[in-house]
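Trainee: Encoded as structure tokens, here's the structure I'll be asking about.
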Amino acid sequence: MTADPERVLIVDDDEEIRDLLRRYLTEHGYRVRAVADGGSMWDALREEPSDIIVLDLMLPGDDGLTLCRNVRARTDTPVIMLTARGEETDRIVGLEMGADDYLPKPFNPRELLARMKVILRRTQGVPRQAPAAHVRFISFAGWQLDTSQRQLVSATGLIVSLSGAEYRLLRVLLDYPNRVLNRDRLMDLLHGRQGDAFDRSIDVQVSRLRQRLGDDAREPVIIKTVRSEGYVLAATVNYDTEGAE
């Protein structure tokens, strides 16, 4: 049986770019919809979800950063940001808003296609995240995270308070359970930037978080190290919206 084509939503107010990408990606086997602004984007997503969104930064009405932030609050659909400015600050802010990748204009459609393929391969088979804005309690490996209080509660009722950095790292790992995240990806998700080869801050944060969880650093069972690849939260994760604000 032939798999259904992956669905791409293009959001760009430049008609030429919309038409170019629609034709190019359709020729490469994708099912493409193209709209000009945020309102049309939400209408399209209500009609049918997409597997990936290609989102322009400069749009009439809500700009791409605002739309990206709102998409990320509701869904884990991957987002590639496009911009005519190409400044590093835009890239960092876009990643902080939850974009998965960033491509400055003008660009070659082949590069966009290559980046899309990488992101879609990475997300295929990954369980959908619970919408972060609506989750109050997250349970995993005998622990419960209270997102409103930023506290961990053990099965015996022990309460463990987390620092801001520990909480953010744990939330990222819980948003991508049973999925290996390398250092660069963790740096992007946490700080909107990539680390260099000598940056070991993520290792320090993981070590501290393991201590909070009582996870033996020599033989961890919750946050495991995958040699030469990264870290993975190896646990079933359950989301509970009860009591959410």
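Labeling convention for the structure tokens: chains A, B, ... as they appear, residues from 1 per chain, ligands from 1 in order of appearance.
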List the neighbours of Leu213 (chain A) out to 9 Å using only C-alpha atoms; skip same-chain residues closer than 3 positions along the sequence, and give me the result as a short mmCIF file (atom, residue, chain, number, x, y, z; two decimals) with C-alpha atoms, in the first residue's frame.
Mentor:
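Below you can see result13.cif, which holds the result:
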data_model
loop_
_atom_site.label_atom_id
_atom_site.label_comp_id
_atom_site.auth_asym_id
_atom_site.auth_seq_id
_atom_site.Cartn_x
_atom_site.Cartn_y
_atom_site.Cartn_z
CA TRP A 143 7.42 11.10 39.30
CA LEU A 152 8.61 17.39 41.15
CA SER A 154 7.83 11.49 43.95
CA VAL A 160 11.61 18.55 44.89
CA ARG A 208 22.13 17.99 38.02
CA LEU A 209 18.70 16.90 36.81
CA ARG A 210 19.64 13.25 37.30
CA ASP A 216 22.28 6.91 39.12
CA ILE A 222 15.36 7.71 33.36
#
Trainee: Within 8 Å of Leu82 (chain A), counting only C-alpha atoms, which residues show up once you throw out same-chain ones fewer than 2 positions away? Write them as a PyMOL selection string, please.
Mentor: chain A and resi 54-57+80+84+102-105
Trainee: Take the selection from the previous step and output its residues with N, CA and C atoms, as a PDB file, in the first residue's frame.
Mentor:
ATOM      1  N   VAL A  54       5.814  25.789   6.517  1.00  0.00           N
ATOM      2  CA  VAL A  54       6.867  26.701   6.071  1.00  0.00           C
ATOM      3  C   VAL A  54       6.302  28.105   6.223  1.00  0.00           C
ATOM      4  N   LEU A  55       6.872  28.873   7.138  1.00  0.00           N
ATOM      5  CA  LEU A  55       6.228  30.098   7.619  1.00  0.00           C
ATOM      6  C   LEU A  55       7.141  31.311   7.408  1.00  0.00           C
ATOM      7  N   ASP A  56       6.651  32.288   6.655  1.00  0.00           N
ATOM      8  CA  ASP A  56       7.414  33.513   6.422  1.00  0.00           C
ATOM      9  C   ASP A  56       7.403  34.387   7.672  1.00  0.00           C
ATOM     10  N   LEU A  57       8.522  35.066   7.919  1.00  0.00           N
ATOM     11  CA  LEU A  57       8.604  35.933   9.093  1.00  0.00           C
ATOM     12  C   LEU A  57       7.778  37.198   8.928  1.00  0.00           C
ATOM     13  N   ILE A  80       9.373  25.571   9.743  1.00  0.00           N
ATOM     14  CA  ILE A  80      10.574  26.174   9.162  1.00  0.00           C
ATOM     15  C   ILE A  80      10.258  27.641   8.899  1.00  0.00           C
ATOM     16  N   ALA A  84      13.407  37.460   4.825  1.00  0.00           N
ATOM     17  CA  ALA A  84      14.197  38.197   3.843  1.00  0.00           C
ATOM     18  C   ALA A  84      15.381  38.882   4.511  1.00  0.00           C
ATOM     19  N   TYR A 102      15.460  27.424  10.164  1.00  0.00           N
ATOM     20  CA  TYR A 102      15.397  28.823   9.762  1.00  0.00           C
ATOM     21  C   TYR A 102      16.135  28.958   8.442  1.00  0.00           C
ATOM     22  N   LEU A 103      15.501  29.585   7.445  1.00  0.00           N
ATOM     23  CA  LEU A 103      16.108  29.694   6.117  1.00  0.00           C
ATOM     24  C   LEU A 103      15.963  31.126   5.607  1.00  0.00           C
ATOM     25  N   PRO A 104      17.077  31.829   5.385  1.00  0.00           N
ATOM     26  CA  PRO A 104      16.980  33.212   4.881  1.00  0.00           C
ATOM     27  C   PRO A 104      16.693  33.253   3.386  1.00  0.00           C
ATOM     28  N   LYS A 105      15.932  34.264   2.977  1.00  0.00           N
ATOM     29  CA  LYS A 105      15.666  34.513   1.563  1.00  0.00           C
ATOM     30  C   LYS A 105      16.788  35.373   0.994  1.00  0.00           C
TER      31      LYS A 105
END
Trainee: By how many Å are CA of Val35 (chain A) and CA of Glu15 (chain A) apart?
Mentor: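 Here the two named atoms are 8.9 Å from each other.
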Trainee: Can you work out the spacing between CA of Arg69 (chain A) and CA of Ala234 (chain A) in Å, to one decimal?
Mentor: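 Computing it gives 27.5 Å between the two atoms.
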Trainee: I'd like to know which of A:Thr83, A:Asn238, A:Asn182, A:Ser50 is closest to Val71 (chain A), using only C-alpha atoms.
Mentor: A:Ser50
Trainee: With a distance cut-off of 10 Å and only C-alpha atoms, select the neighbouring residues of Val221 (chain A), excluding the residue or stretch itself and same-chain residues fewer than 6 positions from it, and output the selection as a list in words.
Mentor: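 That gives Ala141, Arg210, Gly214, Asp215, Val232, Leu233, Ala234 and Ala235 of chain A.
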Trainee: Looking only at the backbone, which of the residues in region 2-226 of chain A does DSSP tag as strand (DSSP E or B), as a ChimeraX atom specification?
Mentor: /A:7-11,31-35,52-56,79-83,101-104,137-140,143-146,151-153,159-161,181,223-226
Trainee: Limited to N, CA and C atoms, could you put the picked residues into a file as a CSV table (one decimal), in the first residue's frame?
Mentor:
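Writing done, so here's again10.csv:
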chain,number,residue,atom,x,y,z
A,7,ARG,N,2.0,16.3,4.2
A,7,ARG,CA,1.3,17.5,3.9
A,7,ARG,C,2.1,18.7,4.4
A,8,VAL,N,2.2,19.6,3.4
A,8,VAL,CA,3.0,20.9,3.7
A,8,VAL,C,2.1,22.1,3.6
A,9,LEU,N,2.2,23.0,4.6
A,9,LEU,CA,1.5,24.2,4.5
A,9,LEU,C,2.4,25.4,4.4
A,10,ILE,N,2.3,26.1,3.2
A,10,ILE,CA,3.2,27.3,3.0
A,10,ILE,C,2.4,28.5,3.4
A,11,VAL,N,3.0,29.4,4.2
A,11,VAL,CA,2.4,30.6,4.6
A,11,VAL,C,3.4,31.8,4.3
A,31,ARG,N,1.9,16.9,-0.6
A,31,ARG,CA,0.6,17.5,-0.8
A,31,ARG,C,0.7,18.9,-0.2
A,32,VAL,N,0.6,19.9,-1.0
A,32,VAL,CA,0.9,21.3,-0.6
A,32,VAL,C,-0.3,22.2,-0.6
A,33,ARG,N,-0.5,22.9,0.4
A,33,ARG,CA,-1.4,24.1,0.5
A,33,ARG,C,-0.6,25.3,0.7
A,34,ALA,N,-1.1,26.4,0.1
A,34,ALA,CA,-0.3,27.7,0.3
A,34,ALA,C,-1.3,28.8,0.5
A,35,VAL,N,-1.0,29.6,1.6
A,35,VAL,CA,-1.9,30.7,2.0
A,35,VAL,C,-1.0,31.9,2.2
A,52,ILE,N,4.1,19.6,8.2
A,52,ILE,CA,5.1,20.6,8.4
A,52,ILE,C,4.6,21.9,7.9
A,53,ILE,N,5.0,23.0,8.5
A,53,ILE,CA,4.6,24.4,8.1
A,53,ILE,C,5.9,25.2,7.7
A,54,VAL,N,5.8,25.8,6.5
A,54,VAL,CA,6.9,26.7,6.1
A,54,VAL,C,6.3,28.1,6.2
A,55,LEU,N,6.9,28.9,7.1
A,55,LEU,CA,6.2,30.1,7.6
A,55,LEU,C,7.1,31.3,7.4
A,56,ASP,N,6.7,32.3,6.7
A,56,ASP,CA,7.4,33.5,6.4
A,56,ASP,C,7.4,34.4,7.7
A,79,VAL,N,8.0,23.6,12.2
A,79,VAL,CA,7.9,24.8,11.6
A,79,VAL,C,9.3,25.2,11.0
A,80,ILE,N,9.4,25.6,9.7
A,80,ILE,CA,10.6,26.2,9.2
A,80,ILE,C,10.3,27.6,8.9
A,81,MET,N,11.1,28.5,9.5
A,81,MET,CA,10.9,30.0,9.3
A,81,MET,C,11.6,30.5,8.1
A,82,LEU,N,11.0,31.4,7.3
A,82,LEU,CA,11.6,32.0,6.2
A,82,LEU,C,11.7,33.5,6.5
A,83,THR,N,12.8,34.2,6.1
A,83,THR,CA,12.9,35.6,6.3
A,83,THR,C,13.7,36.2,5.2
A,101,ASP,N,13.7,25.1,12.3
A,101,ASP,CA,14.8,25.5,11.4
A,101,ASP,C,14.5,26.8,10.8
A,102,TYR,N,15.5,27.4,10.2
A,102,TYR,CA,15.4,28.8,9.8
A,102,TYR,C,16.1,29.0,8.4
A,103,LEU,N,15.5,29.6,7.4
A,103,LEU,CA,16.1,29.7,6.1
A,103,LEU,C,16.0,31.1,5.6
A,104,PRO,N,17.1,31.8,5.4
A,104,PRO,CA,17.0,33.2,4.9
A,104,PRO,C,16.7,33.3,3.4
A,137,PHE,N,-0.2,18.7,34.9
A,137,PHE,CA,0.6,17.6,35.5
A,137,PHE,C,1.2,16.7,34.5
A,138,ILE,N,2.5,16.3,34.6
A,138,ILE,CA,3.1,15.4,33.7
A,138,ILE,C,3.7,14.3,34.5
A,139,SER,N,3.3,13.0,34.3
A,139,SER,CA,3.7,11.9,35.1
A,139,SER,C,4.7,11.0,34.2
A,140,PHE,N,5.8,10.6,34.9
A,140,PHE,CA,6.8,9.7,34.2
A,140,PHE,C,7.6,9.0,35.3
A,143,TRP,N,7.4,9.7,38.9
A,143,TRP,CA,7.4,11.1,39.3
A,143,TRP,C,6.2,11.8,38.7
A,144,GLN,N,5.9,13.0,39.3
A,144,GLN,CA,4.9,13.8,38.7
A,144,GLN,C,5.4,15.3,38.7
A,145,LEU,N,5.4,15.9,37.6
A,145,LEU,CA,5.8,17.3,37.5
A,145,LEU,C,4.6,18.2,37.5
A,146,ASP,N,4.6,19.1,38.5
A,146,ASP,CA,3.5,20.1,38.6
A,146,ASP,C,4.0,21.4,37.8
A,151,GLN,N,7.4,22.0,40.4
A,151,GLN,CA,7.9,21.1,41.4
A,151,GLN,C,7.8,19.6,40.9
A,152,LEU,N,8.7,18.8,41.3
A,152,LEU,CA,8.6,17.4,41.1
A,152,LEU,C,8.0,16.8,42.4
A,153,VAL,N,7.2,15.8,42.2
A,153,VAL,CA,6.6,15.1,43.4
A,153,VAL,C,6.9,13.6,43.1
A,159,ILE,N,8.6,16.3,47.7
A,159,ILE,CA,8.6,17.4,46.8
A,159,ILE,C,10.0,17.9,46.6
A,160,VAL,N,10.3,18.1,45.3
A,160,VAL,CA,11.6,18.5,44.9
A,160,VAL,C,11.4,19.8,44.0
A,161,SER,N,12.0,20.9,44.5
A,161,SER,CA,11.9,22.2,43.7
A,161,SER,C,13.0,22.2,42.7
A,181,LEU,N,18.0,13.2,21.7
A,181,LEU,CA,18.3,14.6,21.4
A,181,LEU,C,19.7,14.8,21.6
A,223,ILE,N,17.0,9.2,32.5
A,223,ILE,CA,17.7,10.0,31.4
A,223,ILE,C,18.9,9.3,31.0
A,224,LYS,N,18.8,8.6,29.9
A,224,LYS,CA,19.9,7.7,29.5
A,224,LYS,C,20.8,8.5,28.5
A,225,THR,N,22.1,8.1,28.5
A,225,THR,CA,23.1,8.6,27.6
A,225,THR,C,23.2,7.6,26.4
A,226,VAL,N,23.0,8.1,25.2
A,226,VAL,CA,23.2,7.3,24.0
A,226,VAL,C,24.6,7.7,23.4
Trainee: Could you name the residues that touch Leu113 (chain A) at 8 Å or less, counting only C-alpha atoms, but leaving out those on the same chain fewer than 4 positions away, as a PyMOL selection string?
Mentor: chain A and resi 25+109+117
